[in-house]
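**Student:** Sharing a structure with you now.
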2 protein chains.
Amino acid sequence: MQPSPPPGFAVPISRKPLHEEAINRLRDLIVRGELAPGERLNERRLCEQLGISRTPLREAIKLLATEGLVELLPNRGAVVAGIDAARLAESLQVMGALEALAGELACRHASDERIAAIRRLHEEMLAMHARGDLAGYFRHNQAIHMSLVEASGNSVLAGAYRQLNANVRRARYMANLSRERWDAAVREHEQILAALEARDVPRLQALLRDHLASKLASVLTGLEKAA
Amino acid sequence: MQPSPPPGFAVPISRKPLHEEAINRLRDLIVRGELAPGERLNERRLCEQLGISRTPLREAIKLLATEGLVELLPNRGAVVAGIDAARLAESLQVMGALEALAGELACRHASDERIAAIRRLHEEMLAMHARGDLAGYFRHNQAIHMSLVEASGNSVLAGAYRQLNANVRRARYMANLSRERWDAAVREHEQILAALEARDVPRLQALLRDHLASKLASVLTGLEKAA
DNA sequence: ATTTTGCATTTTGCATGCAAAAATGCGGAA
DNA sequence: TTCCGCATTTTTGCATGCAAAATGCAAAAT
């Protein structure tokens, strides 16, 4: 860890390479469904849309292919990957294993402060739920899961989880969940938080698994209805 | 799944994009240590070495960055990532979780034939061990672990595992293991195979965890000696 | 002697050019 | 009408050009 520089200078003028920005913008377009599954990624059009040239755009597309958000067709460019229920199930299964490990590590090593921070996110999420703010709920939900994974202290784990997450987030966008499922998810989160605070590894792992399984079921039925 | 074309034609003249070939070649150079940790990846030099131009090379480098094999320094190109013991431990921990899941799924769903194929790989590996062929042993060892993961039937899982594997393979290349550790690893593999054939999930998971923990210890001490 | 500063070279990051492959449109034959 | 073949137009994949940033080095200043 670097010593944080004094505020006001030595904040090095935000040097983000274009291709990174392009990745994030493109991923967002795909996750939010503004680029529909099956749609071809026309380089020229996207270049104009993003205001960059083809080189960084192509680099971005290649990266998103490794995340499974786009599919590369040799000599025919790239298309937005379809949302495949089977693949989604596989992803969530893997994320389940990762979360279980993360939960164990977090129980063993995370500081109380760190867990308290997750609790705060949880409380904010409850507020979103209470006022029916679905988008805000999703954001906080994501933040909580990512925080848990990061609280494991294992950055490789966090990276792997983040990568899988993109696909699932996209599916969630399509399939808006029912009110009952929403309420149930909130209750599950409450239990998860409690187990984490109690540092009860077996219980936390069981809850995380159940939670992901429910999420899978919810997203799948949501997708069916959408289709 | 596509119907496999009749052999002899319709094998379409190897239309591999250059950047894919570049990825594989570069990854190999790094994993085998021919590009040493910390070494800068000079685009011009690598272009000549690989006989391609900078565009596909740059795409390849960006991809390897997501695998953690190279590090991108904005405006200063890329360097071969160092082998960090802590990161290695984190990777193996994650791979442990993935293998445990893979083992469970393989026990539940893999065909007998599939398991028999792994057994055959194992027997070949024993032969390598008997004749002291370390390189051949490594190759078969890798093949066995990958086969197990693929036998899970979860391709997302297999992909995630494969990605993490690159880093570990590189560390193994540096740290040649001791004779005792080699013998022990072979015995562990024998037990793993038996548990898989018996489809004994808890036992298999425990064995896989132990095996990876031993591998970690072995690689770490090997690295220390190398350093 | 050590540090600093200015300049030349190298290298990166991005844009663009060019040839080949794929998509598209159209006229004609079945 | 439908289907096929052929020419045209797009679009991709890769190579290369260009400006900006970084690097190296030697002379000047302390």
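By convention here, the chains of the structure tokens are called A, B, ... in the order presented, each chain's residues are numbered starting at 1, and ligands are numbered starting at 1 in the order presented.
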Set the distance at 10 Å and use only C-alpha atoms (C1' of nucleotides): which residues neighbour stretch 182-184 of chain A once local chain neighbours fewer than 2 positions away are removed? I'd like the list as a PyMOL selection string.
**Tutor:** chain A and resi 129-130+132+134+137+176-180+186-190+211+214-215+218
**Student:** For the residues in the current selection, export N, CA and C atoms as a short mmCIF file (atom, residue, chain, number, x, y, z; two decimals), in the first residue's frame.
**Tutor:**
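selection-v7.cif written:
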data_model
loop_
_atom_site.label_atom_id
_atom_site.label_comp_id
_atom_site.auth_asym_id
_atom_site.auth_seq_id
_atom_site.Cartn_x
_atom_site.Cartn_y
_atom_site.Cartn_z
N HIS A 129 -35.36 -0.44 -0.06
CA HIS A 129 -36.44 -1.42 -0.15
C HIS A 129 -37.73 -0.81 0.38
N ALA A 130 -37.64 -0.12 1.51
CA ALA A 130 -38.82 0.45 2.13
C ALA A 130 -39.50 1.45 1.21
N GLY A 132 -39.24 1.45 -2.00
CA GLY A 132 -39.54 0.87 -3.30
C GLY A 132 -38.60 1.29 -4.42
N LEU A 134 -36.12 0.34 -6.62
CA LEU A 134 -35.53 -0.92 -7.07
C LEU A 134 -34.10 -0.73 -7.57
N TYR A 137 -31.84 -0.24 -4.71
CA TYR A 137 -31.72 -1.53 -4.03
C TYR A 137 -30.68 -2.40 -4.72
N ASN A 176 -37.10 -8.35 -13.88
CA ASN A 176 -37.42 -7.67 -12.62
C ASN A 176 -38.14 -8.63 -11.70
N LEU A 177 -37.69 -8.59 -10.47
CA LEU A 177 -38.18 -9.60 -9.54
C LEU A 177 -39.53 -9.23 -8.95
N SER A 178 -40.20 -10.24 -8.48
CA SER A 178 -41.52 -10.04 -7.90
C SER A 178 -41.38 -9.41 -6.52
N ARG A 179 -42.47 -8.84 -6.06
CA ARG A 179 -42.46 -8.23 -4.74
C ARG A 179 -42.14 -9.26 -3.66
N GLU A 180 -42.72 -10.44 -3.80
CA GLU A 180 -42.48 -11.46 -2.76
C GLU A 180 -41.00 -11.83 -2.73
N VAL A 186 -34.58 -9.59 0.97
CA VAL A 186 -34.18 -8.69 2.05
C VAL A 186 -34.04 -9.45 3.36
N ARG A 187 -35.00 -10.33 3.61
CA ARG A 187 -34.91 -11.12 4.85
C ARG A 187 -33.66 -12.00 4.84
N GLU A 188 -33.37 -12.59 3.69
CA GLU A 188 -32.15 -13.41 3.60
C GLU A 188 -30.91 -12.59 3.92
N HIS A 189 -30.89 -11.38 3.37
CA HIS A 189 -29.74 -10.52 3.63
C HIS A 189 -29.60 -10.22 5.12
N GLU A 190 -30.72 -10.01 5.76
CA GLU A 190 -30.66 -9.73 7.19
C GLU A 190 -30.00 -10.89 7.93
N HIS A 211 -29.16 -18.27 -0.54
CA HIS A 211 -29.47 -16.98 -1.14
C HIS A 211 -29.20 -17.01 -2.64
N SER A 214 -31.75 -19.11 -4.46
CA SER A 214 -33.01 -18.38 -4.63
C SER A 214 -32.86 -17.35 -5.73
N LYS A 215 -31.73 -16.68 -5.73
CA LYS A 215 -31.52 -15.67 -6.74
C LYS A 215 -31.58 -16.31 -8.12
N SER A 218 -35.11 -17.07 -9.00
CA SER A 218 -35.83 -15.83 -9.30
C SER A 218 -35.48 -15.31 -10.69
#
**Student:** Give me, as CSV, each residue of chain C that comes within 7 Å of chain A, together with its shortest interatomic pair and the distance in Å at one decimal, counting only C-alpha atoms (C1' of nucleotides), with rows ordered by chain and rising residue number.
**Tutor:**
residue,atom,partner,partner_atom,distance
C:DC14,C1',A:Thr55,CA,6.9
C:DA15,C1',A:Ser53,CA,6.2
C:DA21,C1',A:Asn75,CA,6.7
C:DA22,C1',A:Arg76,CA,6.9
**Student:** Restricted to N, CA and C atoms (P, O5', C5', C4', C3', O3' and C1' of nucleotides), what would the selected residues look like written as a compact mmCIF listing (two decimals), in the first residue's frame?
**Tutor:**
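Saved file result04.txt follows:
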# COMPACT_ATOMS: atom_id res chain seq x y z
P DC C 14 -5.08 4.93 -25.37
O5' DC C 14 -5.37 5.44 -26.84
C5' DC C 14 -5.29 6.84 -27.10
C4' DC C 14 -5.21 7.09 -28.58
C3' DC C 14 -6.40 6.58 -29.40
O3' DC C 14 -7.13 7.71 -29.86
C1' DC C 14 -4.31 6.16 -30.48
P DA C 15 -8.35 7.52 -30.86
O5' DA C 15 -7.70 7.71 -32.30
C5' DA C 15 -6.96 8.89 -32.57
C4' DA C 15 -6.48 8.91 -34.02
C3' DA C 15 -7.55 8.64 -35.08
O3' DA C 15 -7.40 9.56 -36.14
C1' DA C 15 -5.78 7.06 -35.31
P DA C 21 -9.47 -13.78 -47.99
O5' DA C 21 -10.78 -13.89 -47.09
C5' DA C 21 -10.69 -13.61 -45.69
C4' DA C 21 -12.01 -13.07 -45.20
C3' DA C 21 -13.22 -13.89 -45.67
O3' DA C 21 -13.94 -14.33 -44.53
C1' DA C 21 -13.55 -11.55 -46.06
P DA C 22 -15.25 -15.20 -44.71
O5' DA C 22 -16.42 -14.14 -44.60
C5' DA C 22 -16.44 -13.30 -43.45
C4' DA C 22 -17.54 -12.27 -43.57
C3' DA C 22 -18.92 -12.84 -43.86
O3' DA C 22 -19.84 -12.20 -43.02
C1' DA C 22 -18.42 -11.18 -45.43
**Student:** Using only C-alpha atoms (C1' of nucleotides), which residues sit within 8 Å of stretch 166-174 of chain B once same-chain residues fewer than 4 positions away are excluded, as a PyMOL selection string?
**Tutor:** chain B and resi 27+30-33+67-69+83+88+91-92+162+219+222-223+226
**Student:** Keeping only C-alpha atoms, write those residues as a short mmCIF file (atom, residue, chain, number, x, y, z; two decimals), in the first residue's frame.
**Tutor:**
data_model
loop_
_atom_site.label_atom_id
_atom_site.label_comp_id
_atom_site.auth_asym_id
_atom_site.auth_seq_id
_atom_site.Cartn_x
_atom_site.Cartn_y
_atom_site.Cartn_z
CA ARG B 27 1.58 -16.85 -22.26
CA ILE B 30 5.90 -16.04 -19.61
CA VAL B 31 4.86 -19.30 -17.99
CA ARG B 32 8.08 -20.97 -19.05
CA GLY B 33 10.05 -18.10 -17.64
CA GLU B 67 -4.97 -13.21 -16.30
CA GLY B 68 -2.52 -11.46 -14.04
CA LEU B 69 0.50 -12.54 -16.03
CA ILE B 83 5.54 -13.97 -8.71
CA LEU B 88 0.00 -17.30 -5.24
CA SER B 91 -4.88 -18.09 -6.17
CA LEU B 92 -4.49 -21.58 -4.82
CA ARG B 162 -8.04 -22.32 -16.33
CA VAL B 219 5.81 -24.13 -4.40
CA GLY B 222 10.68 -23.90 -3.82
CA LEU B 223 10.34 -20.21 -4.58
CA ALA B 226 15.06 -19.99 -5.96
#
**Student:** Kindly give the distance, in Å, that separates atom C1' of C:DT12 and atom CA of A:Glu20, rounded to a single decimal.
**Tutor:** 15.6 Å
**Student:** Measuring atom to atom with only C-alpha atoms (C1' of nucleotides), identify which of A:Glu21, A:Ala185, A:Gly38, A:Arg45 is nearest to chain D.
**Tutor:**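 Checking each of A:Glu21, A:Ala185, A:Gly38, A:Arg45 against chain D, counting only C-alpha atoms (C1' of nucleotides), the winner is A:Arg45.
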**Student:** Please return, as an NGL selection string, all residues of stretch 12-222 of chain A that DSSP assigns to alpha helix (DSSP H) on the basis of the backbone.
**Tutor:** :A and (18-31 or 43-50 or 54-66 or 85-109 or 112-130 or 134-151 or 155-174 or 179-197 or 201-222)
**Student:** With 8 Å as the limit and counting only C-alpha atoms (C1' of nucleotides), what residues in chain D lie close to chain B? Please list them as a short mmCIF file (atom, residue, chain, number, x, y, z; two decimals) with C-alpha atoms (C1' of nucleotides), in the first residue's frame.
**Tutor:**
data_model
loop_
_atom_site.label_atom_id
_atom_site.label_comp_id
_atom_site.auth_asym_id
_atom_site.auth_seq_id
_atom_site.Cartn_x
_atom_site.Cartn_y
_atom_site.Cartn_z
"C1'" DC D 14 -4.01 -6.30 -39.48
"C1'" DA D 15 -0.32 -2.92 -40.56
"C1'" DA D 21 4.82 10.74 -22.95
"C1'" DA D 22 8.73 8.56 -20.99
#
**Student:** Rounded to one decimal in Å, what is the spacing between atom CA of A:Asn165 and atom CA of B:Gly82?
**Tutor:**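 That distance, rounded to one decimal, is 27.1 Å.
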**Student:** Tell me the residues of chain A close to chain B, meaning within 8 Å using only C-alpha atoms, as a ChimeraX atom specification.
**Tutor:** /A:15-17,55,58-59,62-63,74,87,90-91,94,97-98,101,154-157,160
**Student:** Convert the current residue selection to file output with N, CA and C atoms, as an mmCIF file, in the first residue's frame.
**Tutor:**
data_model
loop_
_atom_site.group_PDB
_atom_site.id
_atom_site.type_symbol
_atom_site.label_atom_id
_atom_site.label_comp_id
_atom_site.auth_asym_id
_atom_site.auth_seq_id
_atom_site.Cartn_x
_atom_site.Cartn_y
_atom_site.Cartn_z
ATOM 1 N N ARG A 15 -4.977 9.624 -15.265
ATOM 2 C CA ARG A 15 -4.513 9.128 -16.544
ATOM 3 C C ARG A 15 -5.163 7.813 -16.838
ATOM 4 N N LYS A 16 -6.407 7.822 -17.227
ATOM 5 C CA LYS A 16 -7.046 6.558 -17.603
ATOM 6 C C LYS A 16 -6.874 6.325 -19.088
ATOM 7 N N PRO A 17 -6.341 5.172 -19.436
ATOM 8 C CA PRO A 17 -6.258 4.841 -20.867
ATOM 9 C C PRO A 17 -7.657 4.776 -21.450
ATOM 10 N N THR A 55 -8.960 1.179 -32.585
ATOM 11 C CA THR A 55 -7.961 0.407 -31.846
ATOM 12 C C THR A 55 -8.354 0.176 -30.380
ATOM 13 N N ARG A 58 -11.459 -2.036 -30.119
ATOM 14 C CA ARG A 58 -11.230 -3.454 -30.360
ATOM 15 C C ARG A 58 -10.610 -4.111 -29.135
ATOM 16 N N GLU A 59 -9.697 -3.407 -28.498
ATOM 17 C CA GLU A 59 -9.106 -3.960 -27.275
ATOM 18 C C GLU A 59 -10.194 -4.189 -26.228
ATOM 19 N N LYS A 62 -12.324 -7.297 -27.043
ATOM 20 C CA LYS A 62 -11.632 -8.552 -26.733
ATOM 21 C C LYS A 62 -11.722 -8.869 -25.245
ATOM 22 N N LEU A 63 -11.575 -7.836 -24.431
ATOM 23 C CA LEU A 63 -11.657 -8.058 -22.989
ATOM 24 C C LEU A 63 -13.039 -8.495 -22.565
ATOM 25 N N PRO A 74 -14.997 -15.074 -35.642
ATOM 26 C CA PRO A 74 -13.834 -14.776 -36.479
ATOM 27 C C PRO A 74 -14.250 -14.210 -37.830
ATOM 28 N N ARG A 87 -25.993 -21.345 -18.708
ATOM 29 C CA ARG A 87 -24.743 -20.675 -18.369
ATOM 30 C C ARG A 87 -24.906 -19.844 -17.108
ATOM 31 N N GLU A 90 -24.688 -22.019 -14.201
ATOM 32 C CA GLU A 90 -23.302 -22.381 -13.933
ATOM 33 C C GLU A 90 -22.561 -21.240 -13.248
ATOM 34 N N SER A 91 -22.780 -20.026 -13.745
ATOM 35 C CA SER A 91 -22.098 -18.876 -13.152
ATOM 36 C C SER A 91 -22.464 -18.740 -11.685
ATOM 37 N N VAL A 94 -20.780 -21.224 -9.486
ATOM 38 C CA VAL A 94 -19.388 -20.876 -9.196
ATOM 39 C C VAL A 94 -19.335 -19.721 -8.204
ATOM 40 N N ALA A 97 -19.717 -20.927 -4.747
ATOM 41 C CA ALA A 97 -18.498 -21.473 -4.144
ATOM 42 C C ALA A 97 -17.576 -20.340 -3.710
ATOM 43 N N LEU A 98 -17.496 -19.308 -4.537
ATOM 44 C CA LEU A 98 -16.607 -18.199 -4.206
ATOM 45 C C LEU A 98 -17.120 -17.437 -2.989
ATOM 46 N N LEU A 101 -16.419 -19.356 0.207
ATOM 47 C CA LEU A 101 -15.036 -19.160 0.647
ATOM 48 C C LEU A 101 -14.848 -17.766 1.219
ATOM 49 N N ASN A 154 -8.920 -11.603 0.097
ATOM 50 C CA ASN A 154 -8.314 -12.344 -1.018
ATOM 51 C C ASN A 154 -8.664 -11.642 -2.323
ATOM 52 N N SER A 155 -7.696 -10.932 -2.870
ATOM 53 C CA SER A 155 -8.009 -10.094 -4.028
ATOM 54 C C SER A 155 -8.209 -10.924 -5.290
ATOM 55 N N VAL A 156 -7.575 -12.083 -5.355
ATOM 56 C CA VAL A 156 -7.808 -12.957 -6.499
ATOM 57 C C VAL A 156 -9.266 -13.407 -6.490
ATOM 58 N N LEU A 157 -9.724 -13.772 -5.332
ATOM 59 C CA LEU A 157 -11.124 -14.159 -5.174
ATOM 60 C C LEU A 157 -12.045 -13.026 -5.593
ATOM 61 N N ALA A 160 -12.086 -12.659 -9.419
ATOM 62 C CA ALA A 160 -12.829 -13.718 -10.096
ATOM 63 C C ALA A 160 -14.328 -13.491 -9.934
#
**Student:** When you look at D:DA28 with a cut-off of 12 Å (counting only C-alpha atoms (C1' of nucleotides)), what residues show up, excluding the ones that are within fewer than 6 positions of it in the same chain? I need them as a PyMOL selection string.
**Tutor:** chain C and resi 3-6
**Student:** Can you list every residue in stretch 23-226 of chain A that DSSP puts in strand (DSSP E or B), as a list in words?
**Tutor:** Arg40, Leu41, Val70, Glu71, Leu72, Leu73, Gly77, Ala78, Val79 and Val80 of chain A
**Student:** Measure the distance from atom C1' of C:DT24 to atom C1' of D:DT8 in Å and round it to one decimal.
**Tutor:**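 For atom C1' of C:DT24 relative to atom C1' of D:DT8, the distance reads 8.2 Å.
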**Student:** Pick the closest to A:Ala78 from A:Val149, A:Ala175, A:Leu207, A:Leu57: which is it, counting only C-alpha atoms?
**Tutor:**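 Once distances to A:Ala78 are computed over only C-alpha atoms, the minimum belongs to A:Leu57.
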**Student:** Taking only C-alpha atoms (C1' of nucleotides) into account, name the residue in C:DG17, C:DA1, C:DC7, C:DA23 that is nearest to D:DT30.
**Tutor:**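 Closest to D:DT30 of all the choices is C:DA1.
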